[in-house]
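**Q** Shown below is the structure under consideration.
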Amino acid sequence: MKLLDQPEYQFLRTNPHLGRNIIFLTYGGSHAYGTNVEGSDIDIRGCTLNSRADLLGTGTFEQMVDTKTDTTIYAFNKLLALLISCNPNTIELLGCKPEHYLVLTPIGRQLLEQRKMFLSRRAIRSFGGYAGQQLRRLENALARDVYPDEVKERHIMLSCENTVFTFPERCRGFTPEQIRLSIVEVDGRPQVAADISMEKVPLRILTGMIRELVEITRNYDTLHHRNRKKDDAHLNKHAMHLMRLYFMCLDILERGEIITYRAAEHGLLMDIRSGRYQKEDHTFRPEFYDLLNDLEQRLDYAGKHTSLPEEPDLARIEAFQMEINERVVRDEI
C-alpha cells in the first residue's frame, strides 16, 4: 500500500480544503534532507489552493496541520507570502528530490519551475536568523549550568530580534522599531523585556507575532527540562541542522539553487548527528567549531558578493498568484 493510501491519510481526500485542491505534497524533515535514521518520523509538507470562499468571501484558511501524521499543508496565498520572505521551512519545499514529490499537479509543477523568482538577498537574513537561533539554542543547552542568566536571556533576545525583523513581510507598515527588546531586572533576575508601540494592527497578525516570540522562549526553556541522554540526541540534531542551514543558504547565494536533499554533505551531517563531533563531557570538538567558522566566513563573503537581487521578483510572483487565483474563481482548475 502506498504511503498516502494508508487510512491515517484519509483526511487528504475528505478535508474540504484539500482533495483536488492540493497542488503538491512532498517529504519534509529528515527524509527530505537525507539525514533520516531508523525510526525517523515521516513528515509530509505541501500546498493547496485557496478556495473561492477564501478569495471572494469570508474564508480565512491558511494551513492545515495533522499532528498524527506530521503533515502540514499551506494555503497557496500563505505559502507564497512565506516564500517571498525566503522562509527556510518553506523555500526548501521547492528544492526536494523529484521522487520525493508524492503529488505534483500541473500548477504545482509551474510553481517549482518558477522557484527562482522567490530568491533574493532576503535569504541572508532569513537563513542567518534561523542558523543563529539554532546556534544559540545549542550554546544555551550546552551552557545551562555554566552561562549566567544574563547571557542566556541575551541568547533568547537575539533570536527574538531576528524573528521581529521578518514581521514587516507579513504586516504592511510595521517596522522592527515598533518592538524593542532589552534585558531588565525582574525580582533580581535578568529577563527579556519588550517595549511595544503599535496602532491598528490586525488582531490575528498581532497574536501571530506574539505566538512566535512565545514559542522561541518556550523552546529555550524546554531544553532545560530534558534528560541528558535525550539532550545528546537533540544537541547533535541541532548541530547537524545548523550546518545544513549554512550549506543550503550557500547554494542559494552562490548558485541561485534550492537543494534540499544534502547528498554532497551527507557523510558529514550524519557524523554530526551520530555524535562523532561530541566529546565525553557533551560539548563539541574543536573540529566542529572550525567547520562552523569556515561556513560562517563563507556565508559572509557570499552575502556580500551574491548576484541575487535585493528583493524577489514581486511583479512576476504577483502575476502568477493572480493567474492561479483567477482560475480558481472561474472554477477552471
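Labeling convention for the C-alpha cells: chains A, B, ... as they appear, residues from 1 per chain, ligands from 1 in order of appearance.
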Would you kindly return, as a PyMOL selection string, each protein, DNA or RNA residue with an atom no farther than 12 Å from any atom of region 273-275 of chain A, considering only C-alpha atoms and excluding same-chain residues fewer than 6 positions away?
**A** chain A and resi 30+34-37+229+231-244+266-267+281-285+288
**Q** Give me the residues near Ser126 (chain A) as a ChimeraX atom specification, where near means some atom within 10 Å (using only C-alpha atoms) and where sequence neighbours in that chain fewer than 2 positions away do not count.
**A** /A:85-88,121-124,128-132,162-163,165-166,249
**Q** Between A:Thr105, A:Arg180, A:Leu12, A:Gly29, which residue has the minimum interatomic distance to Val65 (chain A), considering only C-alpha atoms?
**A**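 Ranked by minimum distance to Val65 (chain A), first place goes to A:Leu12.
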**Q** Neighbouring residues of region 263-265 of chain A were defined as those with any atom within 12 Å, considering only C-alpha atoms; residues of the same chain fewer than 4 positions away were excluded. Please report them as a list in words.
**A**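 Everything that qualifies: His31, Ala32, Tyr33, Gly34, Thr35, Cys96, Lys97, Met240, His241, Met243, Arg244, Leu245, Tyr246, Phe247, Met248, Asp251, Ile259, Leu269, Met270, Asp271 and Ile272 of chain A.
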**Q** Here is a test: counting only C-alpha atoms, which residue of A:Leu80, A:Leu55, A:Ile216, A:Ile156 is nearest to Ala319 (chain A)?
**A**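 For Ala319 (chain A), the nearest of the candidates is A:Leu80.
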